[in-house]
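Printed here is final.txt (compact mmCIF, C-alpha atoms):
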```txt
# COMPACT_ATOMS: atom_id res chain seq x y z
CA MET Z 1 7.96 -21.04 -18.32
CA ASN Z 2 5.68 -18.22 -17.16
CA ALA Z 3 2.44 -17.59 -18.98
CA ARG Z 4 2.59 -14.74 -21.43
CA PRO Z 5 0.71 -11.55 -20.60
CA PRO Z 6 -2.50 -10.72 -22.52
CA LEU Z 7 -2.77 -8.06 -25.20
CA PHE Z 8 -0.64 -5.20 -23.96
CA ALA Z 9 -1.76 -1.64 -23.52
CA PRO Z 10 1.03 0.52 -25.00
CA LEU Z 11 3.13 2.43 -22.50
CA ILE Z 12 1.52 5.80 -23.21
CA LEU Z 13 -1.94 4.38 -22.55
CA LEU Z 14 -0.79 2.77 -19.31
CA SER Z 15 0.84 6.03 -18.29
CA LEU Z 16 -2.17 8.19 -19.06
CA LEU Z 17 -4.64 5.92 -17.32
CA SER Z 18 -2.42 5.76 -14.26
CA LEU Z 19 -1.99 9.51 -14.34
CA LEU Z 20 -5.72 10.06 -14.27
CA ALA Z 21 -6.02 7.85 -11.21
CA ALA Z 22 -3.14 9.58 -9.48
CA PHE Z 23 -3.84 13.22 -10.33
CA GLY Z 24 -7.26 13.49 -11.94
CA CYS Z 25 -5.95 16.20 -14.31
CA THR Z 26 -8.32 18.76 -12.87
CA GLY Z 27 -6.09 21.70 -13.63
CA THR Z 28 -5.09 22.32 -10.02
CA GLU Z 29 -1.73 20.54 -10.12
CA THR Z 30 1.52 22.37 -10.69
CA GLY Z 31 5.07 21.19 -10.72
CA PRO Z 32 8.61 21.98 -11.76
CA GLN Z 33 9.66 21.96 -15.40
CA THR Z 34 13.23 22.67 -16.35
CA ALA Z 35 14.11 24.82 -19.32
CA ALA Z 36 16.26 22.11 -20.88
CA THR Z 37 15.21 18.57 -21.69
CA PRO Z 38 17.62 16.02 -20.17
CA SER Z 39 19.04 13.33 -22.40
CA ARG Z 40 17.12 10.08 -22.63
CA GLU Z 41 20.24 8.08 -21.83
CA ALA Z 42 20.92 9.99 -18.62
CA SER Z 43 17.36 9.36 -17.42
CA ILE Z 44 17.53 5.56 -17.75
CA PRO Z 45 18.14 3.64 -14.47
CA ALA Z 46 21.79 2.79 -13.97
CA ASP Z 47 21.03 -0.92 -13.59
CA ALA Z 48 19.04 -1.18 -16.83
CA VAL Z 49 20.38 -3.80 -19.23
CA LYS Z 50 19.79 -3.40 -22.96
CA VAL Z 51 17.88 -6.35 -24.40
CA THR Z 52 19.12 -7.54 -27.79
CA PRO Z 53 17.73 -10.01 -30.32
CA ALA Z 54 20.17 -12.56 -28.90
CA THR Z 55 18.78 -12.19 -25.37
CA ASP Z 56 15.13 -11.65 -26.28
CA VAL Z 57 12.96 -14.41 -24.77
CA TYR Z 58 10.05 -13.76 -27.17
CA PRO Z 59 11.42 -12.29 -30.42
CA PRO Z 60 8.97 -11.09 -33.09
CA VAL Z 61 8.07 -13.71 -35.71
CA MET Z 62 7.49 -12.85 -39.39
CA HIS Z 63 4.65 -14.76 -41.08
CA SER Z 64 4.87 -13.22 -44.56
CA ASP Z 65 7.40 -13.50 -47.38
CA GLU Z 66 6.78 -9.87 -48.44
CA TRP Z 67 9.19 -8.48 -45.83
CA ASP Z 68 12.61 -9.31 -44.47
CA ALA Z 69 12.90 -10.51 -40.89
CA PRO Z 70 12.27 -7.63 -38.44
CA ILE Z 71 15.24 -5.97 -36.75
CA PRO Z 72 15.57 -3.24 -34.09
CA LEU Z 73 16.57 0.20 -35.35
CA GLY Z 74 19.44 0.40 -32.87
CA ALA Z 75 21.08 3.53 -31.49
CA PRO Z 76 20.48 6.42 -31.34
CA VAL Z 77 16.74 5.67 -31.60
CA ASN Z 78 16.57 2.65 -29.30
CA THR Z 79 18.02 2.68 -25.79
CA ALA Z 80 17.79 0.58 -22.64
CA GLY Z 81 14.67 2.61 -21.86
CA ALA Z 82 11.28 2.15 -23.50
CA GLU Z 83 10.65 3.43 -27.03
CA ASP Z 84 7.02 2.92 -28.04
CA SER Z 85 4.14 4.14 -30.24
CA PRO Z 86 6.09 4.73 -33.47
CA PHE Z 87 4.84 6.80 -36.38
CA ILE Z 88 6.89 6.95 -39.58
CA ALA Z 89 6.45 9.79 -42.08
CA PRO Z 90 5.40 8.69 -45.60
CA ASP Z 91 8.87 9.45 -47.05
CA GLY Z 92 10.48 7.31 -44.35
CA ASN Z 93 12.74 10.12 -43.18
CA THR Z 94 11.10 11.22 -39.92
CA LEU Z 95 10.23 8.89 -37.06
CA TYR Z 96 8.08 9.94 -34.10
CA PHE Z 97 7.81 7.79 -30.98
CA PHE Z 98 6.93 7.83 -27.28
CA PHE Z 99 9.71 7.37 -24.74
CA THR Z 100 9.88 6.77 -21.02
CA PRO Z 101 13.07 5.78 -19.15
CA ASP Z 102 11.57 2.79 -17.35
CA PRO Z 103 8.12 1.26 -18.00
CA ASN Z 104 7.93 0.10 -14.40
CA ILE Z 105 8.44 3.40 -12.56
CA PRO Z 106 5.41 5.21 -11.09
CA VAL Z 107 3.66 7.49 -13.54
CA GLU Z 108 3.91 10.47 -11.20
CA LYS Z 109 7.67 10.30 -11.68
CA GLN Z 110 7.26 10.15 -15.45
CA LEU Z 111 5.15 13.29 -15.24
CA PHE Z 112 7.96 15.26 -13.62
CA ASP Z 113 11.03 13.72 -15.29
CA ASN Z 114 11.08 16.19 -18.25
CA VAL Z 115 11.92 13.35 -20.60
CA THR Z 116 8.82 11.11 -20.90
CA GLY Z 117 6.80 12.07 -23.97
CA ILE Z 118 7.01 12.33 -27.75
CA TRP Z 119 10.37 12.36 -29.53
CA ALA Z 120 11.40 12.61 -33.20
CA SER Z 121 14.41 11.52 -35.23
CA LYS Z 122 15.41 12.55 -38.76
CA LYS Z 123 17.01 10.15 -41.23
CA SER Z 124 19.81 11.02 -43.65
CA ALA Z 125 22.38 9.12 -45.67
CA ALA Z 126 24.35 8.73 -42.43
CA GLY Z 127 21.39 7.07 -40.67
CA TRP Z 128 19.01 8.14 -37.92
CA ALA Z 129 19.94 11.34 -36.07
CA LYS Z 130 19.84 11.76 -32.31
CA PRO Z 131 16.13 12.12 -31.39
CA GLU Z 132 14.81 15.44 -30.10
CA ARG Z 133 11.91 16.05 -27.72
CA VAL Z 134 8.64 17.32 -29.22
CA ILE Z 135 7.28 19.98 -26.87
CA LEU Z 136 3.49 20.35 -26.95
CA GLN Z 137 2.78 22.20 -23.70
CA ASP Z 138 3.54 25.64 -22.27
CA ALA Z 139 6.54 25.90 -19.94
CA GLY Z 140 5.64 25.25 -16.33
CA LYS Z 141 2.46 23.31 -17.11
CA LEU Z 142 1.99 19.57 -16.69
CA ALA Z 143 1.26 17.23 -19.59
CA LEU Z 144 1.88 13.66 -20.60
CA ASP Z 145 1.61 13.38 -24.39
CA GLY Z 146 1.56 10.41 -26.75
CA CYS Z 147 -0.46 8.55 -29.41
CA GLU Z 148 0.99 10.88 -32.03
CA PHE Z 149 -0.28 10.87 -35.63
CA VAL Z 150 1.26 13.24 -38.17
CA GLN Z 151 0.02 14.26 -41.60
CA GLY Z 152 2.11 16.91 -43.32
CA ASP Z 153 2.28 19.90 -40.97
CA ASP Z 154 -0.56 18.65 -38.76
CA MET Z 155 -0.29 16.49 -35.65
CA TRP Z 156 -2.99 14.84 -33.57
CA PHE Z 157 -1.96 13.53 -30.17
CA CYS Z 158 -3.56 12.39 -26.93
CA SER Z 159 -2.68 13.98 -23.64
CA ALA Z 160 -3.55 14.12 -19.96
CA ARG Z 161 -2.88 17.70 -18.96
CA GLU Z 162 -3.81 20.60 -16.73
CA GLY Z 163 -7.24 22.10 -17.34
CA TYR Z 164 -8.82 18.83 -18.53
CA THR Z 165 -10.46 15.85 -16.89
CA GLY Z 166 -9.53 12.60 -18.58
CA ILE Z 167 -7.57 11.87 -21.72
CA HIS Z 168 -8.21 14.22 -24.64
CA TRP Z 169 -7.18 14.47 -28.27
CA PHE Z 170 -5.32 17.60 -29.28
CA TYR Z 171 -4.14 19.10 -32.55
CA ALA Z 172 -0.95 21.03 -33.33
CA GLU Z 173 0.62 22.72 -36.37
CA TYR Z 174 4.25 22.68 -37.53
CA MET Z 175 5.37 26.28 -38.02
CA ASP Z 176 8.81 27.88 -38.31
CA GLY Z 177 10.61 24.67 -37.43
CA LYS Z 178 8.56 23.69 -34.37
CA TRP Z 179 5.16 22.42 -33.30
CA ALA Z 180 2.83 25.18 -32.15
CA ASN Z 181 -0.78 26.34 -31.78
CA TRP Z 182 -1.91 23.21 -29.96
CA GLY Z 183 -5.54 22.99 -28.96
CA ASP Z 184 -8.55 20.70 -28.82
CA SER Z 185 -9.21 18.35 -31.73
CA ASP Z 186 -12.60 18.33 -33.44
CA PHE Z 187 -13.55 14.75 -32.55
CA PRO Z 188 -17.00 14.58 -30.87
CA PRO Z 189 -16.46 13.28 -27.31
CA ASP Z 190 -19.29 10.75 -27.57
CA TYR Z 191 -17.42 8.97 -30.41
CA GLN Z 192 -14.93 7.76 -27.76
CA VAL Z 193 -11.99 7.96 -30.15
CA GLY Z 194 -9.02 5.78 -29.24
CA GLU Z 195 -5.72 5.57 -31.12
CA LEU Z 196 -6.30 6.62 -34.69
CA HIS Z 197 -5.30 7.03 -38.31
CA ILE Z 198 -6.66 9.62 -40.74
CA THR Z 199 -6.54 8.71 -44.43
CA ARG Z 200 -4.35 10.69 -46.78
CA ASP Z 201 -7.29 12.68 -48.18
CA GLY Z 202 -8.27 13.71 -44.65
CA ASN Z 203 -11.81 12.42 -45.01
CA GLN Z 204 -11.78 9.13 -43.09
CA LEU Z 205 -10.93 8.67 -39.44
CA TYR Z 206 -10.12 5.10 -38.38
CA PHE Z 207 -9.84 4.51 -34.65
CA HIS Z 208 -10.29 1.88 -31.98
CA SER Z 209 -12.92 2.13 -29.30
CA ALA Z 210 -14.91 0.06 -26.84
CA ARG Z 211 -18.00 2.16 -27.68
CA ALA Z 212 -21.41 0.49 -27.68
CA GLY Z 213 -22.50 -1.38 -30.78
CA GLY Z 214 -19.24 -3.20 -31.45
CA LYS Z 215 -18.50 -6.91 -31.58
CA GLY Z 216 -16.75 -6.98 -28.20
CA GLY Z 217 -13.78 -5.40 -26.46
CA LEU Z 218 -11.96 -2.88 -28.61
CA ASP Z 219 -13.22 -2.62 -32.21
CA ILE Z 220 -12.02 -0.60 -35.18
CA TRP Z 221 -14.44 2.10 -36.34
CA VAL Z 222 -14.43 4.60 -39.20
CA SER Z 223 -15.94 8.08 -39.30
CA ARG Z 224 -16.23 10.01 -42.56
CA LYS Z 225 -15.97 13.79 -42.82
CA LEU Z 226 -18.81 15.51 -44.66
CA GLY Z 227 -19.25 19.25 -44.79
CA GLY Z 228 -16.31 19.65 -42.42
CA GLN Z 229 -17.92 17.48 -39.74
CA TRP Z 230 -17.06 13.96 -38.61
CA GLN Z 231 -20.07 11.69 -39.10
CA GLU Z 232 -21.38 8.94 -36.83
CA PRO Z 233 -18.77 6.14 -36.67
CA VAL Z 234 -19.39 2.86 -38.48
CA ASN Z 235 -18.04 -0.46 -37.23
CA VAL Z 236 -15.49 -2.04 -39.60
CA GLU Z 237 -17.15 -5.41 -39.15
CA ALA Z 238 -14.94 -7.36 -41.57
CA VAL Z 239 -11.86 -7.00 -39.35
CA ASN Z 240 -13.45 -7.02 -35.89
CA SER Z 241 -14.12 -9.98 -33.62
CA ALA Z 242 -15.32 -10.66 -30.08
CA ASP Z 243 -11.75 -9.99 -28.93
CA ASP Z 244 -9.72 -6.76 -29.15
CA GLU Z 245 -8.70 -5.09 -32.41
CA GLY Z 246 -7.00 -1.71 -32.37
CA TRP Z 247 -4.18 0.69 -33.23
CA PRO Z 248 -5.15 1.00 -36.93
CA PHE Z 249 -2.98 2.17 -39.80
CA VAL Z 250 -4.24 2.76 -43.36
CA SER Z 251 -1.94 2.67 -46.39
CA ARG Z 252 -1.51 5.67 -48.68
CA ASP Z 253 -3.86 4.26 -51.32
CA GLY Z 254 -6.43 3.36 -48.68
CA ASP Z 255 -6.44 -0.31 -49.64
CA GLU Z 256 -4.58 -1.79 -46.66
CA LEU Z 257 -5.82 -1.68 -43.07
CA TRP Z 258 -3.27 -2.73 -40.46
CA PHE Z 259 -4.12 -3.33 -36.83
CA LEU Z 260 -3.35 -5.16 -33.60
CA ARG Z 261 -4.95 -8.39 -32.44
CA THR Z 262 -4.01 -11.16 -29.98
CA TYR Z 263 -2.38 -14.27 -31.43
CA LEU Z 264 -1.34 -17.19 -29.21
CA GLY Z 265 -1.59 -15.03 -26.13
CA SER Z 266 0.39 -11.95 -27.17
CA PRO Z 267 -0.15 -8.95 -29.48
CA ALA Z 268 0.40 -9.41 -33.20
CA LEU Z 269 0.09 -7.38 -36.41
CA PHE Z 270 -2.62 -8.18 -38.96
CA ARG Z 271 -3.45 -6.77 -42.38
CA SER Z 272 -6.71 -6.61 -44.33
CA ILE Z 273 -6.84 -5.66 -48.03
CA GLN Z 274 -9.73 -3.75 -49.55
CA ALA Z 275 -11.12 -4.72 -52.96
CA ASN Z 276 -14.30 -3.27 -54.45
CA GLY Z 277 -15.08 -1.56 -51.16
CA THR Z 278 -14.85 -4.76 -49.09
CA TRP Z 279 -12.17 -5.60 -46.53
CA SER Z 280 -10.66 -9.08 -46.78
CA GLU Z 281 -10.24 -11.63 -44.02
CA PRO Z 282 -7.29 -10.33 -41.94
CA GLU Z 283 -3.95 -12.10 -42.37
CA LEU Z 284 -1.27 -12.48 -39.71
CA ILE Z 285 1.96 -10.64 -40.58
CA ILE Z 286 4.09 -10.42 -37.40
CA SER Z 287 3.42 -12.12 -34.07
CA GLN Z 288 4.87 -12.17 -30.56
CA PHE Z 289 4.69 -8.83 -28.73
CA ALA Z 290 4.49 -6.76 -31.92
CA GLY Z 291 2.32 -3.65 -31.82
CA GLU Z 292 1.30 -0.33 -33.38
CA PRO Z 293 2.09 -0.82 -37.09
CA THR Z 294 3.14 2.14 -39.24
CA LEU Z 295 4.44 2.00 -42.81
CA ASP Z 296 6.27 4.39 -45.10
CA ASP Z 297 5.33 4.71 -48.76
CA ALA Z 298 8.02 2.18 -49.72
CA GLY Z 299 6.13 -0.43 -47.71
CA ASN Z 300 8.69 -0.74 -44.91
CA LEU Z 301 6.91 -1.80 -41.73
CA TYR Z 302 7.78 -0.17 -38.39
CA PHE Z 303 6.34 -1.35 -35.07
CA VAL Z 304 7.03 -1.53 -31.35
CA HIS Z 305 8.33 -4.71 -29.78
CA HIS Z 306 7.98 -5.14 -26.02
CA TYR Z 307 10.52 -7.32 -24.22
CA TYR Z 308 9.12 -9.58 -21.53
CA LYS Z 309 10.78 -12.01 -19.14
CA ASP Z 310 9.18 -13.92 -16.28
CA GLY Z 311 5.96 -11.99 -16.83
CA LYS Z 312 7.60 -8.56 -16.48
CA MET Z 313 8.07 -5.95 -19.18
CA LEU Z 314 11.75 -5.05 -19.36
CA GLU Z 315 11.75 -2.36 -22.04
CA ALA Z 316 10.58 -1.70 -25.61
CA ASP Z 317 12.24 -0.95 -28.94
CA ILE Z 318 11.22 0.28 -32.37
CA TYR Z 319 11.63 -2.45 -34.99
CA VAL Z 320 11.51 -2.36 -38.78
CA ALA Z 321 10.81 -5.04 -41.37
CA TYR Z 322 12.03 -3.90 -44.79
CA LYS Z 323 9.83 -4.56 -47.81
CA LYS Z 324 11.44 -7.01 -50.23
CA ALA Z 325 12.01 -5.94 -53.80
CA ALA Z 326 9.22 -6.98 -56.14
```

Representation of the structure as structure tokens:
Amino acid sequence: MNARPPLFAPLILLSLLSLLAAFGCTGTETGPQTAATPSREASIPADAVKVTPATDVYPPVMHSDEWDAPIPLGAPVNTAGAEDSPFIAPDGNTLYFFFTPDPNIPVEKQLFDNVTGIWASKKSAAGWAKPERVILQDAGKLALDGCEFVQGDDMWFCSAREGYTGIHWFYAEYMDGKWANWGDSDFPPDYQVGELHITRDGNQLYFHSARAGGKGGLDIWVSRKLGGQWQEPVNVEAVNSADDEGWPFVSRDGDELWFLRTYLGSPALFRSIQANGTWSEPELIISQFAGEPTLDDAGNLYFVHHYYKDGKMLEADIYVAYKKAA
């Protein structure tokens, strides 16, 4: 049996880093952009085979009795392509995610395929609706967007795009049925903000970063907003270690901090509970290629599961573990 890969970098991060190396994002590149977004299904390679729980070599493993066993959402959300980086709205009725047709194709093709990026699906009594593309760039301009975080009518997202060098955080507003008015976020560049979560009151920014002063690798940090300004980040020492911790999510009441950490050689989901201002020793919730936790207010846990075989990533799906009745 092949050795399992180390802690994965989610597809959007891999794509953005590769894009920087390939293009530099200096603002000099141009390229075609069609008026209509092609369907995700049509963009997936013809020889792609959908992985199912029955054929999954490393299925996710639940380590808690608070949730049912995790299951993939299925169509029309999941496809034989790669669905990644989920974010579920608090009411559980809107799901955002990153999609690319094939995680193994060159990033320069993703940049021009008019389909790689952020998508959203609405839930009704009939189930999840066909996802629609979230457009966050002007027509005719290049961008590769991901890392989405939504709070009400506000979205923060990372992007490699024309006019910028490197990966930047941007902000957009939901107006008249669409996302608009995108522009730079207000995070100080020297904070080195990685994937993030902002608490419900808008006053605490949790993020991962390899910035100096941490315990090693990626650490989780928190910055508090005072007088409209984000303050110097503080290391969340109780949950960090010499290894990587990242992709944080904070519960509505602010008392649960979820994040990613390696367990037995692959990414896993951990939770820490806050009591009297102190975070508890993290507990393992789901292991084996489980990443980027996000919960609705009912406590249902959504995450990405990456399928691997013989050391190669095949695709990725959005999974959910439903909270058991109390």

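Look at segment 131-136 of chain Z: the protein and nucleic acid residues within 6 Å of it, using all atoms listed in the file and passing over chain neighbours fewer than 4 places away, are Ile118, Trp119, Ala120 and Ser121 of chain Z.
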
>> Residues within 10 Å of segment 97-101 of chain Z, please, as a ChimeraX atom specification. Count only C-alpha atoms; anything in the same chain fewer than 5 positions from it doesn't count.
In response: /Z:10-12,15,40-45,48,77-88,107,110-111,113-121,131,133-134,145-149,304,315-318

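The shortest atom-to-atom distance to Tyr319 of chain Z, with all atoms listed in the file taken into account, belongs to Z:Asp68 out of Z:Glu108, Z:Asp68, Z:Asp176, Z:Asp184.
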
> How many Å separate atom CA of Leu257 of chain Z from atom CA of Glu195 of chain Z?
Replying inline: 14.0 Å

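Between atom CA of Pro103 of chain Z and atom CA of Thr52 of chain Z the interatomic distance comes to 17.2 Å.
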
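Here atom CA of Ser223 of chain Z and atom CA of Gln204 of chain Z stand 5.7 Å from one another.
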
> Which neighbours of Gln274 of chain Z fall inside 12 Å, counting only C-alpha atoms, when residues of the same chain fewer than 2 positions from it are skipped, and could you give them as a count of residues only?
Replying inline: 20

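Restricting the calculation to only C-alpha atoms, the smallest distance between His197 of chain Z and any of Z:Glu237, Z:Glu232, Z:Glu162, Z:Glu292 is found for Z:Glu292.
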
> Of the candidates Z:Lys123, Z:Lys50, Z:Arg252, Z:His168, which shows the shortest atom-to-atom distance to Ile198 of chain Z, using all atoms listed in the file?
Replying inline: Z:Arg252

Interface rows for segment 211-275 of chain Z against segment 53-59 of chain Z: nearest pair, Å to one decimal, 12 Å, all atoms listed in the file, as CSV:
```
residue,atom,partner,partner_atom,distance
Z:Gly265,CA,Z:Tyr58,CA,11.8
Z:Ser266,CA,Z:Tyr58,CA,9.8
Z:Pro267,CA,Z:Tyr58,CA,11.5
Z:Ala268,CA,Z:Pro59,CA,11.7
```

Go ahead and write the residues just picked, C-alpha atoms, as a tab-separated table (two decimals), in the coordinates of the input.
```tsv
chain	number	residue	atom	x	y	z
Z	265	GLY	CA	-1.59	-15.03	-26.13
Z	266	SER	CA	0.39	-11.95	-27.17
Z	267	PRO	CA	-0.15	-8.95	-29.48
Z	268	ALA	CA	0.40	-9.41	-33.20
```

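For the choices Z:Ile167, Z:Ala180, Z:Leu260, Z:Ala139, the atom-to-atom distance to Pro293 of chain Z is smallest for Z:Leu260 when using only C-alpha atoms.
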
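Counting all atoms listed in the file and comparing Z:Leu73, Z:Ala172, Z:Ala89, Z:Met62, the residue that lies closest to Ala129 of chain Z is Z:Leu73.
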